[in-house]
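Novice: The structure that follows is given in the form of structure tokens.
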Amino acid sequence: MSDKSRTSKAGPAARMPLIEALGVLLPLRGERIVVTTMGAAREWPKLSQHPLDLHYIPSAMGQATSLGLGLALARSEREVLVLNGDGAMLMNLGSLVTIVASGATNLSIVVLNNGIYEVTGGQRTAAGSLPAGAADFAALARAAGFRGESVKSFNELDAWRQEAAAALAAPGPRFIELVVEPVGAAYHLESPGPLAARLARFQQALGVGNR
Amino acid sequence: MDYPGDKVVEIFTALGITHVVWLPDSALGPWEAALERAGSLKLVRVCREGEAWAIAAGLHLGGCRPLVLIQNTGLFESGDALRNVLFDLGLPLLAVVGYRSYLVANSTDSARRFTEPVLSAWGLKYAVVRSAGELPAMQKHLADCIAARRPGIVLVGEGRV
């Protein structure tokens, strides 16, 4: 496998069930801000109803990493966790360089890599059309300036469970790729409710008044 | 047209700007030293303009007062991000945008031709600054937008192209 940071006994084609991979993060999120987008915005609310969850819907696809960076810069005392899709990450790879250049250390980017544009019905991404591992997200993160020990990739649930806490405790910013299975027919992304109310609740949880 | 960076930073500081999220052009670029010197605000460098709007959105949601500083070509590039943060999220973000070729007589630059129609199509209120002497108009427009809690755009006239 080209990715030296990935622990895999099952081979490069192994994938984790999405909801279980996300479930590993649940007891670890603490008081982190969690920004979700795309498939994560569909699945994470099944696990969490925390006031510091910010479901970035409707979004500008690709911009969740940048939104998360803004939050991290604004709230340097608090950790920010962005649950991004692989297609969305491909749309904004430059943001990885921006994140490192910003100096923010309280930010973790988790890319849920299923190789497809899932919320539109499962079309392959450009990276997903390549052989497994040929487009290497972890290598891209390292090449963007993320420190080697802060970049991890997992495609097996047991390894992810064992190393998740350490991955989130590595020096920030952090980049974690989770290779996951598509969800299948239940791919539709639905609104989690009125946006203004969600933003108000989020800002209240942060202790920020509307400006 | 040269706009003194120190004066621009003075205006940003007076407006309470905490972060300038930017991707410079040749006219805005000379402000870099003044922006870096400013103790009251932080400079955030992006790789592409769409990032700037989303970063500014995160900063705003986190309680800061950011300002996006880009060229009009970047305004076009970042249309989807702008649409999302200003109209979906409804955030009253501020931007100063270099207006390429605005000061060039008889310019055929399409970046000049489409800038104001695009802003009008978005329904965004904007002001145009043509010289350093008009910088107070930039401050007034942005201050008015802050007070009204609405997005604010200032176009800074440029030549050269």
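Ligands are numbered from 1 in the order shown, chains are lettered A, B, ... in the order of the structure tokens, and residues start at 1 in each chain.
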With a distance threshold of 8 Å and counting only C-alpha atoms, extract the residues of chain A near chain B and express them as a ChimeraX atom specification.
Specialist: /A:58-60,63-64,66-75,92,94-95,97-98,101-102,195-196,203,206,208-211
Novice: Per DSSP on the backbone, what are the strand (DSSP E or B) residues of stretch 13-157 of chain B, as JSON, numbers by chain?
Specialist: {"B": [19, 20, 21, 22, 42, 43, 44, 45, 66, 67, 68, 69, 70, 71, 94, 95, 96, 97, 98, 99, 126, 127, 128, 129, 152, 153, 154, 155, 156, 157]}
Novice: Using only C-alpha atoms, find the one residue out of B:Leu94, B:Ala105, B:Leu35, B:Val154 that sits nearest to B:Pro136.
Specialist: B:Val154
Novice: For stretch 124-126 of chain B, list every protein, DNA or RNA residue within 9 Å, evaluated using only C-alpha atoms, and leave out those in the same chain fewer than 6 positions away; present the list as a short mmCIF file (atom, residue, chain, number, x, y, z; two decimals) with C-alpha atoms, in the first residue's frame.
Specialist:
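part-v4.cif, freshly written:
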data_model
loop_
_atom_site.label_atom_id
_atom_site.label_comp_id
_atom_site.auth_asym_id
_atom_site.auth_seq_id
_atom_site.Cartn_x
_atom_site.Cartn_y
_atom_site.Cartn_z
CA GLU B 116 -21.14 45.80 -11.27
CA VAL B 118 -22.97 40.76 -11.23
CA HIS B 141 -20.00 52.28 3.32
CA CYS B 145 -23.29 47.92 6.36
CA ARG B 150 -25.99 43.52 5.93
CA PRO B 151 -23.24 42.41 3.55
CA GLY B 152 -21.00 45.18 2.31
CA ILE B 153 -18.81 45.35 -0.77
CA VAL B 154 -16.38 48.08 -1.74
CA LEU B 155 -14.85 48.10 -5.20
#
Novice: With distances taken over only C-alpha atoms, which residue among B:Leu93, B:Leu69, B:Ala132, B:Val104 lies nearest B:Ala148?
Specialist: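 Ranked by minimum distance to B:Ala148, first place goes to B:Leu93.
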Novice: What is the atom CA of A:Ser150-atom CA of A:Gln49 distance in Å, reported with one decimal?
Specialist: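 Going from atom CA of A:Ser150 over to atom CA of A:Gln49 covers 27.8 Å.
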Novice: Need the shell around B:Val8: protein/DNA/RNA residues with any atom at most 12 Å away, counting only C-alpha atoms. Skip same-chain ones fewer than 3 positions apart. Format as an NGL selection string?
Specialist: :B and (2-5 or 11-15 or 17 or 20 or 28 or 30-35 or 38 or 69 or 96 or 132-139 or 156)
Novice: Kindly save the residues from that selection, with N, CA, C and O atoms included, as a compact mmCIF listing (two decimals), in the first residue's frame.
Specialist:
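Below is the file that was written, selection.txt:
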# COMPACT_ATOMS: atom_id res chain seq x y z
N ASP B 2 -2.44 54.19 -6.59
CA ASP B 2 -1.91 53.63 -5.35
C ASP B 2 -2.79 54.04 -4.18
O ASP B 2 -3.14 55.21 -4.01
N TYR B 3 -3.11 53.07 -3.36
CA TYR B 3 -3.88 53.31 -2.14
C TYR B 3 -2.95 52.97 -0.98
O TYR B 3 -2.46 51.84 -0.90
N PRO B 4 -2.69 53.93 -0.09
CA PRO B 4 -1.70 53.66 0.98
C PRO B 4 -2.17 52.58 1.94
O PRO B 4 -3.26 52.68 2.53
N GLY B 5 -1.35 51.56 2.08
CA GLY B 5 -1.70 50.43 2.93
C GLY B 5 -1.94 50.83 4.37
O GLY B 5 -2.85 50.31 5.04
N ILE B 11 -8.31 52.22 8.51
CA ILE B 11 -9.77 52.13 8.32
C ILE B 11 -10.28 50.78 8.82
O ILE B 11 -11.30 50.71 9.53
N PHE B 12 -9.59 49.72 8.44
CA PHE B 12 -10.03 48.38 8.90
C PHE B 12 -10.05 48.31 10.42
O PHE B 12 -10.97 47.76 11.03
N THR B 13 -9.04 48.89 11.03
CA THR B 13 -8.96 48.87 12.50
C THR B 13 -10.11 49.64 13.12
O THR B 13 -10.74 49.19 14.09
N ALA B 14 -10.39 50.79 12.53
CA ALA B 14 -11.49 51.61 13.06
C ALA B 14 -12.83 50.88 12.94
O ALA B 14 -13.74 51.10 13.75
N LEU B 15 -12.94 50.03 11.92
CA LEU B 15 -14.18 49.27 11.72
C LEU B 15 -14.26 48.04 12.61
O LEU B 15 -15.27 47.33 12.60
N ILE B 17 -12.32 45.37 12.31
CA ILE B 17 -12.00 44.15 11.57
C ILE B 17 -10.97 43.35 12.37
O ILE B 17 -9.95 43.89 12.81
N VAL B 20 -8.30 39.74 8.07
CA VAL B 20 -8.41 40.01 6.64
C VAL B 20 -8.06 38.71 5.92
O VAL B 20 -6.96 38.18 6.07
N LEU B 28 -3.70 45.51 -4.81
CA LEU B 28 -3.90 45.28 -3.38
C LEU B 28 -2.62 44.75 -2.71
O LEU B 28 -2.43 44.91 -1.50
N PRO B 30 0.49 45.60 -2.53
CA PRO B 30 1.34 46.47 -1.71
C PRO B 30 0.82 46.72 -0.30
O PRO B 30 1.55 47.26 0.53
N TRP B 31 -0.40 46.33 0.00
CA TRP B 31 -0.94 46.49 1.36
C TRP B 31 -0.39 45.42 2.31
O TRP B 31 -0.60 45.49 3.52
N GLU B 32 0.28 44.43 1.75
CA GLU B 32 0.66 43.28 2.58
C GLU B 32 1.50 43.68 3.80
O GLU B 32 1.23 43.22 4.91
N ALA B 33 2.50 44.53 3.58
CA ALA B 33 3.38 44.90 4.69
C ALA B 33 2.58 45.58 5.81
O ALA B 33 2.78 45.29 7.00
N ALA B 34 1.69 46.48 5.42
CA ALA B 34 0.88 47.18 6.43
C ALA B 34 -0.06 46.22 7.14
O ALA B 34 -0.26 46.31 8.36
N LEU B 35 -0.62 45.29 6.40
CA LEU B 35 -1.52 44.32 7.01
C LEU B 35 -0.76 43.41 7.98
O LEU B 35 -1.27 43.05 9.04
N ALA B 38 0.00 45.26 11.25
CA ALA B 38 -1.14 45.64 12.08
C ALA B 38 -1.31 44.66 13.23
O ALA B 38 -1.50 43.46 13.02
N LEU B 69 -10.71 40.18 1.13
CA LEU B 69 -9.98 41.13 0.29
C LEU B 69 -9.46 40.37 -0.94
O LEU B 69 -8.50 39.59 -0.84
N VAL B 96 -13.67 43.89 0.38
CA VAL B 96 -13.07 44.92 -0.47
C VAL B 96 -12.52 44.20 -1.68
O VAL B 96 -11.77 43.23 -1.55
N ALA B 132 -7.16 57.36 -3.65
CA ALA B 132 -6.87 57.32 -2.22
C ALA B 132 -7.70 58.35 -1.46
O ALA B 132 -8.11 58.13 -0.32
N GLY B 133 -7.99 59.45 -2.13
CA GLY B 133 -8.78 60.49 -1.50
C GLY B 133 -10.21 60.06 -1.20
O GLY B 133 -10.89 60.70 -0.39
N GLU B 134 -10.65 59.00 -1.85
CA GLU B 134 -12.02 58.53 -1.62
C GLU B 134 -12.10 57.40 -0.60
O GLU B 134 -13.18 56.82 -0.38
N LEU B 135 -10.98 57.06 0.01
CA LEU B 135 -11.01 55.97 0.99
C LEU B 135 -12.00 56.20 2.14
O LEU B 135 -12.57 55.23 2.65
N PRO B 136 -12.21 57.44 2.56
CA PRO B 136 -13.24 57.62 3.60
C PRO B 136 -14.61 57.10 3.16
O PRO B 136 -15.41 56.66 4.01
N ALA B 137 -14.87 57.11 1.86
CA ALA B 137 -16.15 56.56 1.39
C ALA B 137 -16.20 55.05 1.61
O ALA B 137 -17.28 54.48 1.85
N MET B 138 -15.05 54.41 1.49
CA MET B 138 -14.98 52.98 1.79
C MET B 138 -15.34 52.74 3.26
O MET B 138 -16.15 51.85 3.58
N GLN B 139 -14.74 53.54 4.13
CA GLN B 139 -15.02 53.37 5.55
C GLN B 139 -16.49 53.60 5.85
O GLN B 139 -17.11 52.83 6.59
N VAL B 156 -12.53 48.74 -5.36
CA VAL B 156 -11.40 49.66 -5.37
C VAL B 156 -10.88 49.74 -6.80
O VAL B 156 -10.34 48.76 -7.34
Novice: Could you list, as a PyMOL selection string, every residue within 12 Å of A:Val151, counting only C-alpha atoms and ignoring same-chain residues fewer than 4 positions away?
Specialist: chain A and resi 3-6+96+108-111+136-147+163-164+166-178
Novice: Any chance you could list, as a ChimeraX atom specification, the residues in stretch 34-76 of chain B that come up helix (DSSP H, G or I) when DSSP is run on the backbone?
Specialist: /B:34-37,49-61,72-76
Novice: Do you know which residues are at most 10 Å from B:Gly29 counting only C-alpha atoms, after dropping those on the same chain fewer than 6 positions away, and could you put them as number ranges by chain?
Specialist: B: 5, 22-23, 70
Novice: Extract, using only C-alpha atoms, all DNA, RNA and protein residues at most 7 Å from A:Ala88, discarding same-chain residues fewer than 4 positions from it, and format them as a list in words.
Specialist: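 Those residues are Met61, Gly62, Asn84 and Asn92 of chain A.
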Novice: To one decimal in Å, tell me the separation between atom CA of B:Gly157 and atom CA of B:Arg37.
Specialist: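 Result for atom CA of B:Gly157 versus atom CA of B:Arg37: 24.3 Å, one decimal.
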Novice: Quote the spacing between atom CA of B:Leu67 and atom CA of B:Glu158 in Å to one decimal place.
Specialist: 19.3 Å
